[in-house]
Amino acid sequence: QVQLVESGGGLVQAGGSLRLSCAVSRYLLALESVGWYRQAPGRQREAIATITGSGSPVYADSVKDRFTVSRDVAKSTVYLQMNDLKSEDTGVYYCGARYVLRDYWGQGTQVTVSS
């Protein structure tokens, strides 16, 4: 089992920044992958920034060069630094992890970008 708890969402103006945090109950290096997913209104959940088991970050084209995913293994926490936010970044952001071939999700945190 893996529990994930997100924090840091909120309302921000376009061009602003936010940092999301995800506290993970498992040792991060034991996970096959961990990262951030977004569900915009009326759309399916999509992967936007994840870290593979080898530690390599993978970004969706829509957030590349604006968002940075990182992890603090000692704190079992994964971060998403979001810069130059745009209205299309609005959505619910979920922290997700894969462990022993099963997917686990946090409860999600709302990010709203006003134009």
# chains A, B, ... in the order shown; residues from 1 in each chain; ligands from 1

call {"tool": "select_by_dssp", "arguments": {"residues": "chain A", "states": "helix (DSSP H, G or I)", "output": "ChimeraX atom specification"}}
result
/A:28-30,87-89

call {"tool": "residues_around", "arguments": {"residues": "Val24 of chain A", "least_positions_apart": "5", "cutoff": "8 Å", "atoms": "only C-alpha atoms", "output": "NGL selection string"}}
result
:A and (2-5 or 76-78)

call {"tool": "write_last_selection", "arguments": {"atoms": "C-alpha atoms", "output": "compact mmCIF listing (two decimals), in the first residue's frame"}}
result
# COMPACT_ATOMS: atom_id res chain seq x y z
CA VAL A 2 1.06 3.57 -0.71
CA GLN A 3 -0.58 6.67 0.70
CA LEU A 4 -0.03 10.03 -0.99
CA VAL A 5 -1.09 13.42 0.34
CA SER A 76 9.68 10.98 1.17
CA THR A 77 8.27 13.99 -0.60
CA VAL A 78 7.82 14.82 -4.26

call {"tool": "residues_around", "arguments": {"residues": "segment 40-53 of chain A", "least_positions_apart": "6", "cutoff": "12 Å", "atoms": "only C-alpha atoms", "output": "count of residues only"}}
result
49

call {"tool": "closest_residue", "arguments": {"among": "A:Ser17, A:Ser7, A:Ser56, A:Asn83", "to": "Gln107 of chain A", "atoms": "only C-alpha atoms"}}
result
A:Ser7

call {"tool": "closest_residue", "arguments": {"among": "A:Gly9, A:Gly35, A:Lys75, A:Asp84", "to": "Asp103 of chain A", "atoms": "only C-alpha atoms"}}
result
A:Gly35

call {"tool": "closest_residue", "arguments": {"among": "A:Ser115, A:Leu101, A:Arg19, A:Arg26", "to": "Gln1 of chain A", "atoms": "only C-alpha atoms"}}
result
A:Arg26

call {"tool": "decode", "arguments": {"residues": "segment 45-75 of chain A", "atoms": "N, CA and C atoms", "output": "PDB file, in the first residue's frame"}}
result
ATOM      1  N   ARG A  45      -7.586  12.506 -17.033  1.00  0.00           N
ATOM      2  CA  ARG A  45      -6.363  12.708 -16.285  1.00  0.00           C
ATOM      3  C   ARG A  45      -5.166  12.401 -17.186  1.00  0.00           C
ATOM      4  N   GLU A  46      -4.139  13.258 -17.104  1.00  0.00           N
ATOM      5  CA  GLU A  46      -2.950  13.053 -17.923  1.00  0.00           C
ATOM      6  C   GLU A  46      -1.703  13.214 -17.072  1.00  0.00           C
ATOM      7  N   ALA A  47      -0.666  12.502 -17.453  1.00  0.00           N
ATOM      8  CA  ALA A  47       0.624  12.629 -16.793  1.00  0.00           C
ATOM      9  C   ALA A  47       1.294  13.909 -17.270  1.00  0.00           C
ATOM     10  N   ILE A  48       1.793  14.704 -16.338  1.00  0.00           N
ATOM     11  CA  ILE A  48       2.469  15.937 -16.737  1.00  0.00           C
ATOM     12  C   ILE A  48       3.932  15.966 -16.315  1.00  0.00           C
ATOM     13  N   ALA A  49       4.263  15.333 -15.195  1.00  0.00           N
ATOM     14  CA  ALA A  49       5.655  15.347 -14.745  1.00  0.00           C
ATOM     15  C   ALA A  49       5.868  14.173 -13.804  1.00  0.00           C
ATOM     16  N   THR A  50       6.677  13.245 -14.228  1.00  0.00           N
ATOM     17  CA  THR A  50       6.904  12.048 -13.418  1.00  0.00           C
ATOM     18  C   THR A  50       8.396  11.765 -13.302  1.00  0.00           C
ATOM     19  N   ILE A  51       8.731  10.981 -12.305  1.00  0.00           N
ATOM     20  CA  ILE A  51      10.113  10.544 -12.096  1.00  0.00           C
ATOM     21  C   ILE A  51      10.120   9.027 -12.183  1.00  0.00           C
ATOM     22  N   THR A  52      10.955   8.505 -13.046  1.00  0.00           N
ATOM     23  CA  THR A  52      11.042   7.061 -13.209  1.00  0.00           C
ATOM     24  C   THR A  52      11.833   6.447 -12.057  1.00  0.00           C
ATOM     25  N   GLY A  53      11.841   5.138 -12.005  1.00  0.00           N
ATOM     26  CA  GLY A  53      12.592   4.452 -10.971  1.00  0.00           C
ATOM     27  C   GLY A  53      14.079   4.779 -10.985  1.00  0.00           C
ATOM     28  N   SER A  54      14.601   5.116 -12.145  1.00  0.00           N
ATOM     29  CA  SER A  54      16.016   5.469 -12.257  1.00  0.00           C
ATOM     30  C   SER A  54      16.283   6.928 -11.894  1.00  0.00           C
ATOM     31  N   GLY A  55      15.199   7.662 -11.609  1.00  0.00           N
ATOM     32  CA  GLY A  55      15.369   9.058 -11.219  1.00  0.00           C
ATOM     33  C   GLY A  55      15.262  10.059 -12.347  1.00  0.00           C
ATOM     34  N   SER A  56      14.945   9.593 -13.539  1.00  0.00           N
ATOM     35  CA  SER A  56      14.851  10.500 -14.688  1.00  0.00           C
ATOM     36  C   SER A  56      13.478  11.163 -14.738  1.00  0.00           C
ATOM     37  N   PRO A  57      13.438  12.482 -14.927  1.00  0.00           N
ATOM     38  CA  PRO A  57      12.143  13.152 -15.051  1.00  0.00           C
ATOM     39  C   PRO A  57      11.603  13.048 -16.477  1.00  0.00           C
ATOM     40  N   VAL A  58      10.288  12.960 -16.563  1.00  0.00           N
ATOM     41  CA  VAL A  58       9.610  12.922 -17.854  1.00  0.00           C
ATOM     42  C   VAL A  58       8.499  13.959 -17.814  1.00  0.00           C
ATOM     43  N   TYR A  59       8.459  14.820 -18.819  1.00  0.00           N
ATOM     44  CA  TYR A  59       7.491  15.910 -18.831  1.00  0.00           C
ATOM     45  C   TYR A  59       6.585  15.842 -20.054  1.00  0.00           C
ATOM     46  N   ALA A  60       5.335  16.255 -19.849  1.00  0.00           N
ATOM     47  CA  ALA A  60       4.451  16.451 -20.992  1.00  0.00           C
ATOM     48  C   ALA A  60       4.915  17.698 -21.745  1.00  0.00           C
ATOM     49  N   ASP A  61       4.706  17.712 -23.044  1.00  0.00           N
ATOM     50  CA  ASP A  61       5.131  18.855 -23.848  1.00  0.00           C
ATOM     51  C   ASP A  61       4.509  20.160 -23.355  1.00  0.00           C
ATOM     52  N   SER A  62       3.297  20.075 -22.845  1.00  0.00           N
ATOM     53  CA  SER A  62       2.564  21.281 -22.444  1.00  0.00           C
ATOM     54  C   SER A  62       3.190  21.992 -21.247  1.00  0.00           C
ATOM     55  N   VAL A  63       4.030  21.276 -20.483  1.00  0.00           N
ATOM     56  CA  VAL A  63       4.597  21.892 -19.277  1.00  0.00           C
ATOM     57  C   VAL A  63       6.115  21.967 -19.325  1.00  0.00           C
ATOM     58  N   LYS A  64       6.709  21.401 -20.351  1.00  0.00           N
ATOM     59  CA  LYS A  64       8.163  21.377 -20.447  1.00  0.00           C
ATOM     60  C   LYS A  64       8.710  22.799 -20.414  1.00  0.00           C
ATOM     61  N   ASP A  65       9.776  22.992 -19.696  1.00  0.00           N
ATOM     62  CA  ASP A  65      10.452  24.287 -19.537  1.00  0.00           C
ATOM     63  C   ASP A  65       9.726  25.240 -18.599  1.00  0.00           C
ATOM     64  N   ARG A  66       8.560  24.827 -18.077  1.00  0.00           N
ATOM     65  CA  ARG A  66       7.853  25.667 -17.104  1.00  0.00           C
ATOM     66  C   ARG A  66       7.713  24.974 -15.748  1.00  0.00           C
ATOM     67  N   PHE A  67       7.553  23.655 -15.777  1.00  0.00           N
ATOM     68  CA  PHE A  67       7.369  22.893 -14.553  1.00  0.00           C
ATOM     69  C   PHE A  67       8.616  22.051 -14.279  1.00  0.00           C
ATOM     70  N   THR A  68       8.889  21.844 -12.983  1.00  0.00           N
ATOM     71  CA  THR A  68      10.008  21.002 -12.587  1.00  0.00           C
ATOM     72  C   THR A  68       9.557  20.050 -11.491  1.00  0.00           C
ATOM     73  N   VAL A  69       9.755  18.771 -11.719  1.00  0.00           N
ATOM     74  CA  VAL A  69       9.446  17.762 -10.710  1.00  0.00           C
ATOM     75  C   VAL A  69      10.755  17.381 -10.012  1.00  0.00           C
ATOM     76  N   SER A  70      10.665  17.212  -8.686  1.00  0.00           N
ATOM     77  CA  SER A  70      11.843  16.834  -7.918  1.00  0.00           C
ATOM     78  C   SER A  70      11.397  15.979  -6.745  1.00  0.00           C
ATOM     79  N   ARG A  71      12.358  15.367  -6.099  1.00  0.00           N
ATOM     80  CA  ARG A  71      12.035  14.526  -4.947  1.00  0.00           C
ATOM     81  C   ARG A  71      13.082  14.711  -3.870  1.00  0.00           C
ATOM     82  N   ASP A  72      12.643  14.581  -2.638  1.00  0.00           N
ATOM     83  CA  ASP A  72      13.523  14.580  -1.480  1.00  0.00           C
ATOM     84  C   ASP A  72      13.358  13.205  -0.843  1.00  0.00           C
ATOM     85  N   VAL A  73      14.315  12.341  -1.071  1.00  0.00           N
ATOM     86  CA  VAL A  73      14.186  10.962  -0.604  1.00  0.00           C
ATOM     87  C   VAL A  73      14.140  10.901   0.918  1.00  0.00           C
ATOM     88  N   ALA A  74      14.916  11.712   1.576  1.00  0.00           N
ATOM     89  CA  ALA A  74      14.949  11.705   3.046  1.00  0.00           C
ATOM     90  C   ALA A  74      13.599  12.088   3.644  1.00  0.00           C
ATOM     91  N   LYS A  75      12.876  12.967   2.963  1.00  0.00           N
ATOM     92  CA  LYS A  75      11.575  13.408   3.449  1.00  0.00           C
ATOM     93  C   LYS A  75      10.420  12.632   2.813  1.00  0.00           C
TER      94      LYS A  75
END
